[in-house]
Amino acid sequence: RPRPARAEGGYTLARPPREVTVGAVLRAVEGPLAGVRGLRPEETRYEGSAENLPGLWVAVRAAVRRVVDEVSLAEIVSGRLPAHVRRLTALPDAWEPR
């Protein structure tokens with residue numbers, strides 16, 4: 001976990017950057033990666049035609065994890081992202097806002 005470094009702000013790492021994932025930083029700062037109405041995806045319940053939504057939310061969380069938990073701070077700094085992450089940035093609409 002990052003820890004406060006000095007009175008002016010900022011953080012120092014407790015481990016080398018190659019051992020710290022983007023996901024770990026996001027969780028330390030923001031909490032769980034995915035939430036639906038304040039619940040974790042697996043805790044959601046719906047009835048009727050929406051009853052299968054929890055599976056979608058779990059899949060969304062898994063997709064986010066596949067990126068942020070597999071990219072280290074060292075990879076960000078060096079620009080050497082894992083191949084599966086680079087492929088995502090090459091998708092035709094990846095850089096377009098929606």
# chains A, B, ... in the order shown; residues from 1 in each chain; ligands from 1

$ residues_around --residues "stretch 65-82 of chain A" --least-positions-apart "5" --cutoff "6 Å" --atoms "only C-alpha atoms" --output "PyMOL selection string"
chain A and resi 17-18+20-23

$ select_by_dssp --residues "stretch 3-96 of chain A" --states "helix (DSSP H, G or I)" --output "ChimeraX atom specification"
/A:17-19,22-30,41-43,48-50,53-68,73-78,83-89

$ write_last_selection --atoms "N, CA and C atoms" --output "compact mmCIF listing (two decimals), in the first residue's frame"
# COMPACT_ATOMS: atom_id res chain seq x y z
N PRO A 17 8.25 -0.49 -7.65
CA PRO A 17 7.19 -0.22 -8.62
C PRO A 17 6.79 -1.43 -9.47
N ARG A 18 7.70 -2.33 -9.75
CA ARG A 18 7.37 -3.51 -10.55
C ARG A 18 6.43 -4.47 -9.79
N GLU A 19 6.35 -4.30 -8.48
CA GLU A 19 5.49 -5.16 -7.66
C GLU A 19 4.16 -4.50 -7.29
N VAL A 22 -1.51 -1.17 -10.83
CA VAL A 22 -2.42 -0.04 -10.90
C VAL A 22 -3.67 -0.34 -10.06
N GLY A 23 -4.14 -1.59 -10.11
CA GLY A 23 -5.31 -1.98 -9.33
C GLY A 23 -5.09 -1.80 -7.84
N ALA A 24 -3.90 -2.13 -7.36
CA ALA A 24 -3.61 -1.96 -5.93
C ALA A 24 -3.68 -0.49 -5.54
N VAL A 25 -3.18 0.38 -6.40
CA VAL A 25 -3.22 1.81 -6.11
C VAL A 25 -4.67 2.30 -6.12
N LEU A 26 -5.43 1.90 -7.14
CA LEU A 26 -6.84 2.31 -7.21
C LEU A 26 -7.62 1.86 -5.98
N ARG A 27 -7.40 0.63 -5.54
CA ARG A 27 -8.11 0.13 -4.35
C ARG A 27 -7.69 0.90 -3.10
N ALA A 28 -6.40 1.22 -2.99
CA ALA A 28 -5.92 1.94 -1.81
C ALA A 28 -6.52 3.35 -1.74
N VAL A 29 -6.73 3.95 -2.90
CA VAL A 29 -7.23 5.33 -2.93
C VAL A 29 -8.76 5.38 -2.96
N GLU A 30 -9.38 4.51 -3.75
CA GLU A 30 -10.82 4.59 -4.00
C GLU A 30 -11.65 3.47 -3.38
N PRO A 41 -20.49 -6.43 -7.20
CA PRO A 41 -21.29 -7.06 -8.24
C PRO A 41 -21.96 -8.38 -7.83
N GLU A 42 -21.24 -9.21 -7.10
CA GLU A 42 -21.80 -10.51 -6.71
C GLU A 42 -22.89 -10.39 -5.63
N GLU A 43 -23.00 -9.24 -5.02
CA GLU A 43 -24.02 -9.02 -3.99
C GLU A 43 -25.34 -8.49 -4.56
N GLY A 48 -37.15 -10.68 -12.21
CA GLY A 48 -37.76 -10.58 -13.53
C GLY A 48 -36.73 -10.57 -14.65
N SER A 49 -36.98 -9.73 -15.64
CA SER A 49 -36.12 -9.72 -16.83
C SER A 49 -34.70 -9.24 -16.54
N ALA A 50 -34.46 -8.63 -15.39
CA ALA A 50 -33.12 -8.15 -15.03
C ALA A 50 -32.35 -9.14 -14.17
N LEU A 53 -28.50 -9.70 -14.60
CA LEU A 53 -27.55 -8.59 -14.54
C LEU A 53 -26.34 -8.84 -13.65
N PRO A 54 -26.45 -9.53 -12.52
CA PRO A 54 -25.24 -9.76 -11.71
C PRO A 54 -24.11 -10.40 -12.51
N GLY A 55 -24.44 -11.30 -13.41
CA GLY A 55 -23.41 -11.91 -14.24
C GLY A 55 -22.70 -10.89 -15.11
N LEU A 56 -23.43 -9.93 -15.63
CA LEU A 56 -22.82 -8.86 -16.43
C LEU A 56 -21.90 -8.02 -15.56
N TRP A 57 -22.35 -7.63 -14.37
CA TRP A 57 -21.52 -6.80 -13.49
C TRP A 57 -20.24 -7.53 -13.09
N VAL A 58 -20.34 -8.83 -12.81
CA VAL A 58 -19.15 -9.61 -12.47
C VAL A 58 -18.19 -9.64 -13.66
N ALA A 59 -18.73 -9.79 -14.88
CA ALA A 59 -17.88 -9.80 -16.08
C ALA A 59 -17.19 -8.46 -16.28
N VAL A 60 -17.90 -7.37 -16.02
CA VAL A 60 -17.30 -6.04 -16.15
C VAL A 60 -16.15 -5.90 -15.16
N ARG A 61 -16.36 -6.32 -13.93
CA ARG A 61 -15.29 -6.25 -12.93
C ARG A 61 -14.10 -7.10 -13.36
N ALA A 62 -14.35 -8.30 -13.87
CA ALA A 62 -13.27 -9.18 -14.32
C ALA A 62 -12.47 -8.53 -15.45
N ALA A 63 -13.17 -7.85 -16.36
CA ALA A 63 -12.49 -7.18 -17.47
C ALA A 63 -11.60 -6.04 -16.96
N VAL A 64 -12.10 -5.28 -16.01
CA VAL A 64 -11.30 -4.19 -15.44
C VAL A 64 -10.09 -4.78 -14.72
N ARG A 65 -10.29 -5.83 -13.95
CA ARG A 65 -9.18 -6.48 -13.25
C ARG A 65 -8.12 -6.96 -14.23
N ARG A 66 -8.56 -7.48 -15.36
CA ARG A 66 -7.64 -8.02 -16.37
C ARG A 66 -6.66 -6.97 -16.84
N VAL A 67 -7.03 -5.72 -16.73
CA VAL A 67 -6.12 -4.63 -17.10
C VAL A 67 -5.38 -4.10 -15.87
N VAL A 68 -6.10 -3.58 -14.90
CA VAL A 68 -5.44 -2.86 -13.80
C VAL A 68 -4.66 -3.76 -12.85
N LEU A 73 3.20 -0.30 -11.89
CA LEU A 73 3.63 1.08 -12.01
C LEU A 73 4.88 1.20 -12.87
N ALA A 74 5.77 0.23 -12.75
CA ALA A 74 7.00 0.24 -13.56
C ALA A 74 6.66 0.14 -15.05
N GLU A 75 5.66 -0.66 -15.40
CA GLU A 75 5.27 -0.79 -16.80
C GLU A 75 4.65 0.51 -17.32
N ILE A 76 3.92 1.19 -16.48
CA ILE A 76 3.34 2.48 -16.88
C ILE A 76 4.47 3.47 -17.18
N VAL A 77 5.42 3.57 -16.27
CA VAL A 77 6.51 4.53 -16.42
C VAL A 77 7.36 4.21 -17.65
N SER A 78 7.61 2.93 -17.88
CA SER A 78 8.46 2.54 -19.02
C SER A 78 7.72 2.57 -20.34
N ALA A 83 1.08 -7.15 -23.60
CA ALA A 83 0.54 -7.25 -24.96
C ALA A 83 -0.98 -7.21 -24.98
N HIS A 84 -1.64 -7.90 -24.04
CA HIS A 84 -3.11 -7.91 -24.07
C HIS A 84 -3.70 -6.52 -23.79
N VAL A 85 -2.99 -5.70 -23.06
CA VAL A 85 -3.45 -4.33 -22.80
C VAL A 85 -3.19 -3.46 -24.03
N ARG A 86 -2.02 -3.62 -24.64
CA ARG A 86 -1.73 -2.87 -25.87
C ARG A 86 -2.75 -3.19 -26.96
N ARG A 87 -3.17 -4.45 -27.06
CA ARG A 87 -4.17 -4.82 -28.07
C ARG A 87 -5.48 -4.09 -27.84
N LEU A 88 -5.85 -3.89 -26.59
CA LEU A 88 -7.09 -3.15 -26.29
C LEU A 88 -7.00 -1.71 -26.79
N THR A 89 -5.84 -1.11 -26.67
CA THR A 89 -5.70 0.28 -27.11
C THR A 89 -5.71 0.40 -28.63

$ atom_distance --atom1 "atom CA of A:Pro92" --atom2 "atom CA of A:Val36"
28.2 Å

$ select_by_dssp --residues "chain A" --states "strand (DSSP E)" --output "VMD selection string"
chain A and resid 3 to 4 11 to 12

$ atom_distance --atom1 "atom CA of A:Glu51" --atom2 "atom CA of A:Gly38"
17.9 Å

$ decode --residues "stretch 12-27 of chain A" --atoms "all heavy atoms" --output "PDB file, in the first residue's frame"
ATOM      1  N   THR A  12       5.069   7.423  -0.785  1.00  0.00           N
ATOM      2  CA  THR A  12       6.196   6.568  -1.129  1.00  0.00           C
ATOM      3  C   THR A  12       5.643   5.157  -1.203  1.00  0.00           C
ATOM      4  O   THR A  12       4.632   4.838  -0.570  1.00  0.00           O
ATOM      5  CB  THR A  12       7.320   6.622  -0.065  1.00  0.00           C
ATOM      6  OG1 THR A  12       6.772   6.237   1.196  1.00  0.00           O
ATOM      7  CG2 THR A  12       7.927   7.999   0.027  1.00  0.00           C
ATOM      8  N   LEU A  13       6.297   4.327  -1.977  1.00  0.00           N
ATOM      9  CA  LEU A  13       5.848   2.953  -2.125  1.00  0.00           C
ATOM     10  C   LEU A  13       6.502   2.057  -1.092  1.00  0.00           C
ATOM     11  O   LEU A  13       7.683   2.212  -0.788  1.00  0.00           O
ATOM     12  CB  LEU A  13       6.184   2.440  -3.533  1.00  0.00           C
ATOM     13  CG  LEU A  13       5.528   3.193  -4.684  1.00  0.00           C
ATOM     14  CD1 LEU A  13       6.068   2.671  -6.010  1.00  0.00           C
ATOM     15  CD2 LEU A  13       4.022   3.052  -4.620  1.00  0.00           C
ATOM     16  N   ALA A  14       5.741   1.111  -0.599  1.00  0.00           N
ATOM     17  CA  ALA A  14       6.276   0.150   0.360  1.00  0.00           C
ATOM     18  C   ALA A  14       6.991  -0.997  -0.361  1.00  0.00           C
ATOM     19  O   ALA A  14       7.726  -1.756   0.259  1.00  0.00           O
ATOM     20  CB  ALA A  14       5.151  -0.403   1.236  1.00  0.00           C
ATOM     21  N   ARG A  15       6.753  -1.106  -1.674  1.00  0.00           N
ATOM     22  CA  ARG A  15       7.388  -2.151  -2.497  1.00  0.00           C
ATOM     23  C   ARG A  15       7.924  -1.508  -3.770  1.00  0.00           C
ATOM     24  O   ARG A  15       7.505  -0.419  -4.137  1.00  0.00           O
ATOM     25  CB  ARG A  15       6.353  -3.224  -2.868  1.00  0.00           C
ATOM     26  CG  ARG A  15       5.811  -3.969  -1.658  1.00  0.00           C
ATOM     27  CD  ARG A  15       4.787  -4.975  -2.081  1.00  0.00           C
ATOM     28  NE  ARG A  15       3.792  -4.279  -2.921  1.00  0.00           N
ATOM     29  CZ  ARG A  15       2.557  -4.674  -3.100  1.00  0.00           C
ATOM     30  NH1 ARG A  15       2.133  -5.768  -2.555  1.00  0.00           N
ATOM     31  NH2 ARG A  15       1.718  -3.994  -3.850  1.00  0.00           N
ATOM     32  N   PRO A  16       8.783  -2.209  -4.477  1.00  0.00           N
ATOM     33  CA  PRO A  16       9.296  -1.673  -5.746  1.00  0.00           C
ATOM     34  C   PRO A  16       8.156  -1.486  -6.752  1.00  0.00           C
ATOM     35  O   PRO A  16       7.184  -2.247  -6.739  1.00  0.00           O
ATOM     36  CB  PRO A  16      10.264  -2.761  -6.240  1.00  0.00           C
ATOM     37  CG  PRO A  16      10.581  -3.591  -5.046  1.00  0.00           C
ATOM     38  CD  PRO A  16       9.388  -3.501  -4.134  1.00  0.00           C
ATOM     39  N   PRO A  17       8.251  -0.490  -7.646  1.00  0.00           N
ATOM     40  CA  PRO A  17       7.187  -0.220  -8.622  1.00  0.00           C
ATOM     41  C   PRO A  17       6.793  -1.425  -9.471  1.00  0.00           C
ATOM     42  O   PRO A  17       5.637  -1.556  -9.861  1.00  0.00           O
ATOM     43  CB  PRO A  17       7.774   0.891  -9.498  1.00  0.00           C
ATOM     44  CG  PRO A  17       8.790   1.556  -8.631  1.00  0.00           C
ATOM     45  CD  PRO A  17       9.339   0.474  -7.742  1.00  0.00           C
ATOM     46  N   ARG A  18       7.705  -2.330  -9.747  1.00  0.00           N
ATOM     47  CA  ARG A  18       7.370  -3.514 -10.549  1.00  0.00           C
ATOM     48  C   ARG A  18       6.434  -4.465  -9.793  1.00  0.00           C
ATOM     49  O   ARG A  18       5.813  -5.325 -10.388  1.00  0.00           O
ATOM     50  CB  ARG A  18       8.627  -4.228 -11.022  1.00  0.00           C
ATOM     51  CG  ARG A  18       9.381  -4.949  -9.936  1.00  0.00           C
ATOM     52  CD  ARG A  18      10.646  -5.637 -10.443  1.00  0.00           C
ATOM     53  NE  ARG A  18      11.344  -6.287  -9.372  1.00  0.00           N
ATOM     54  CZ  ARG A  18      12.107  -5.679  -8.480  1.00  0.00           C
ATOM     55  NH1 ARG A  18      12.303  -4.380  -8.555  1.00  0.00           N
ATOM     56  NH2 ARG A  18      12.690  -6.352  -7.520  1.00  0.00           N
ATOM     57  N   GLU A  19       6.345  -4.300  -8.479  1.00  0.00           N
ATOM     58  CA  GLU A  19       5.490  -5.158  -7.663  1.00  0.00           C
ATOM     59  C   GLU A  19       4.164  -4.496  -7.288  1.00  0.00           C
ATOM     60  O   GLU A  19       3.345  -5.107  -6.599  1.00  0.00           O
ATOM     61  CB  GLU A  19       6.221  -5.564  -6.383  1.00  0.00           C
ATOM     62  CG  GLU A  19       7.441  -6.424  -6.620  1.00  0.00           C
ATOM     63  CD  GLU A  19       8.173  -6.751  -5.331  1.00  0.00           C
ATOM     64  OE1 GLU A  19       7.612  -6.545  -4.232  1.00  0.00           O
ATOM     65  OE2 GLU A  19       9.327  -7.214  -5.426  1.00  0.00           O
ATOM     66  N   VAL A  20       3.952  -3.270  -7.714  1.00  0.00           N
ATOM     67  CA  VAL A  20       2.733  -2.537  -7.361  1.00  0.00           C
ATOM     68  C   VAL A  20       1.888  -2.395  -8.620  1.00  0.00           C
ATOM     69  O   VAL A  20       2.315  -1.777  -9.597  1.00  0.00           O
ATOM     70  CB  VAL A  20       3.061  -1.145  -6.784  1.00  0.00           C
ATOM     71  CG1 VAL A  20       1.786  -0.395  -6.428  1.00  0.00           C
ATOM     72  CG2 VAL A  20       3.970  -1.273  -5.561  1.00  0.00           C
ATOM     73  N   THR A  21       0.687  -2.945  -8.587  1.00  0.00           N
ATOM     74  CA  THR A  21      -0.186  -2.838  -9.755  1.00  0.00           C
ATOM     75  C   THR A  21      -1.033  -1.571  -9.675  1.00  0.00           C
ATOM     76  O   THR A  21      -1.249  -1.001  -8.600  1.00  0.00           O
ATOM     77  CB  THR A  21      -1.137  -4.044  -9.865  1.00  0.00           C
ATOM     78  OG1 THR A  21      -2.042  -4.020  -8.755  1.00  0.00           O
ATOM     79  CG2 THR A  21      -0.382  -5.357  -9.938  1.00  0.00           C
ATOM     80  N   VAL A  22      -1.510  -1.175 -10.828  1.00  0.00           N
ATOM     81  CA  VAL A  22      -2.423  -0.036 -10.896  1.00  0.00           C
ATOM     82  C   VAL A  22      -3.669  -0.344 -10.063  1.00  0.00           C
ATOM     83  O   VAL A  22      -4.184   0.511  -9.349  1.00  0.00           O
ATOM     84  CB  VAL A  22      -2.789   0.277 -12.366  1.00  0.00           C
ATOM     85  CG1 VAL A  22      -3.863   1.340 -12.448  1.00  0.00           C
ATOM     86  CG2 VAL A  22      -1.547   0.696 -13.138  1.00  0.00           C
ATOM     87  N   GLY A  23      -4.135  -1.585 -10.114  1.00  0.00           N
ATOM     88  CA  GLY A  23      -5.305  -1.985  -9.330  1.00  0.00           C
ATOM     89  C   GLY A  23      -5.089  -1.802  -7.840  1.00  0.00           C
ATOM     90  O   GLY A  23      -5.989  -1.346  -7.133  1.00  0.00           O
ATOM     91  N   ALA A  24      -3.902  -2.134  -7.359  1.00  0.00           N
ATOM     92  CA  ALA A  24      -3.612  -1.963  -5.927  1.00  0.00           C
ATOM     93  C   ALA A  24      -3.683  -0.490  -5.538  1.00  0.00           C
ATOM     94  O   ALA A  24      -4.206  -0.145  -4.474  1.00  0.00           O
ATOM     95  CB  ALA A  24      -2.240  -2.542  -5.598  1.00  0.00           C
ATOM     96  N   VAL A  25      -3.176   0.382  -6.396  1.00  0.00           N
ATOM     97  CA  VAL A  25      -3.225   1.815  -6.114  1.00  0.00           C
ATOM     98  C   VAL A  25      -4.674   2.301  -6.123  1.00  0.00           C
ATOM     99  O   VAL A  25      -5.100   3.033  -5.219  1.00  0.00           O
ATOM    100  CB  VAL A  25      -2.373   2.609  -7.127  1.00  0.00           C
ATOM    101  CG1 VAL A  25      -2.561   4.111  -6.938  1.00  0.00           C
ATOM    102  CG2 VAL A  25      -0.908   2.223  -7.008  1.00  0.00           C
ATOM    103  N   LEU A  26      -5.433   1.895  -7.138  1.00  0.00           N
ATOM    104  CA  LEU A  26      -6.838   2.313  -7.208  1.00  0.00           C
ATOM    105  C   LEU A  26      -7.617   1.862  -5.978  1.00  0.00           C
ATOM    106  O   LEU A  26      -8.400   2.632  -5.419  1.00  0.00           O
ATOM    107  CB  LEU A  26      -7.494   1.750  -8.471  1.00  0.00           C
ATOM    108  CG  LEU A  26      -7.015   2.343  -9.786  1.00  0.00           C
ATOM    109  CD1 LEU A  26      -7.632   1.596 -10.959  1.00  0.00           C
ATOM    110  CD2 LEU A  26      -7.327   3.820  -9.856  1.00  0.00           C
ATOM    111  N   ARG A  27      -7.404   0.631  -5.544  1.00  0.00           N
ATOM    112  CA  ARG A  27      -8.107   0.132  -4.352  1.00  0.00           C
ATOM    113  C   ARG A  27      -7.692   0.899  -3.100  1.00  0.00           C
ATOM    114  O   ARG A  27      -8.517   1.186  -2.236  1.00  0.00           O
ATOM    115  CB  ARG A  27      -7.855  -1.355  -4.179  1.00  0.00           C
ATOM    116  CG  ARG A  27      -8.593  -2.214  -5.166  1.00  0.00           C
ATOM    117  CD  ARG A  27      -8.294  -3.705  -4.897  1.00  0.00           C
ATOM    118  NE  ARG A  27      -8.840  -4.521  -5.946  1.00  0.00           N
ATOM    119  CZ  ARG A  27      -8.163  -4.901  -7.040  1.00  0.00           C
ATOM    120  NH1 ARG A  27      -6.902  -4.548  -7.197  1.00  0.00           N
ATOM    121  NH2 ARG A  27      -8.739  -5.643  -7.956  1.00  0.00           N
TER     122      ARG A  27
END
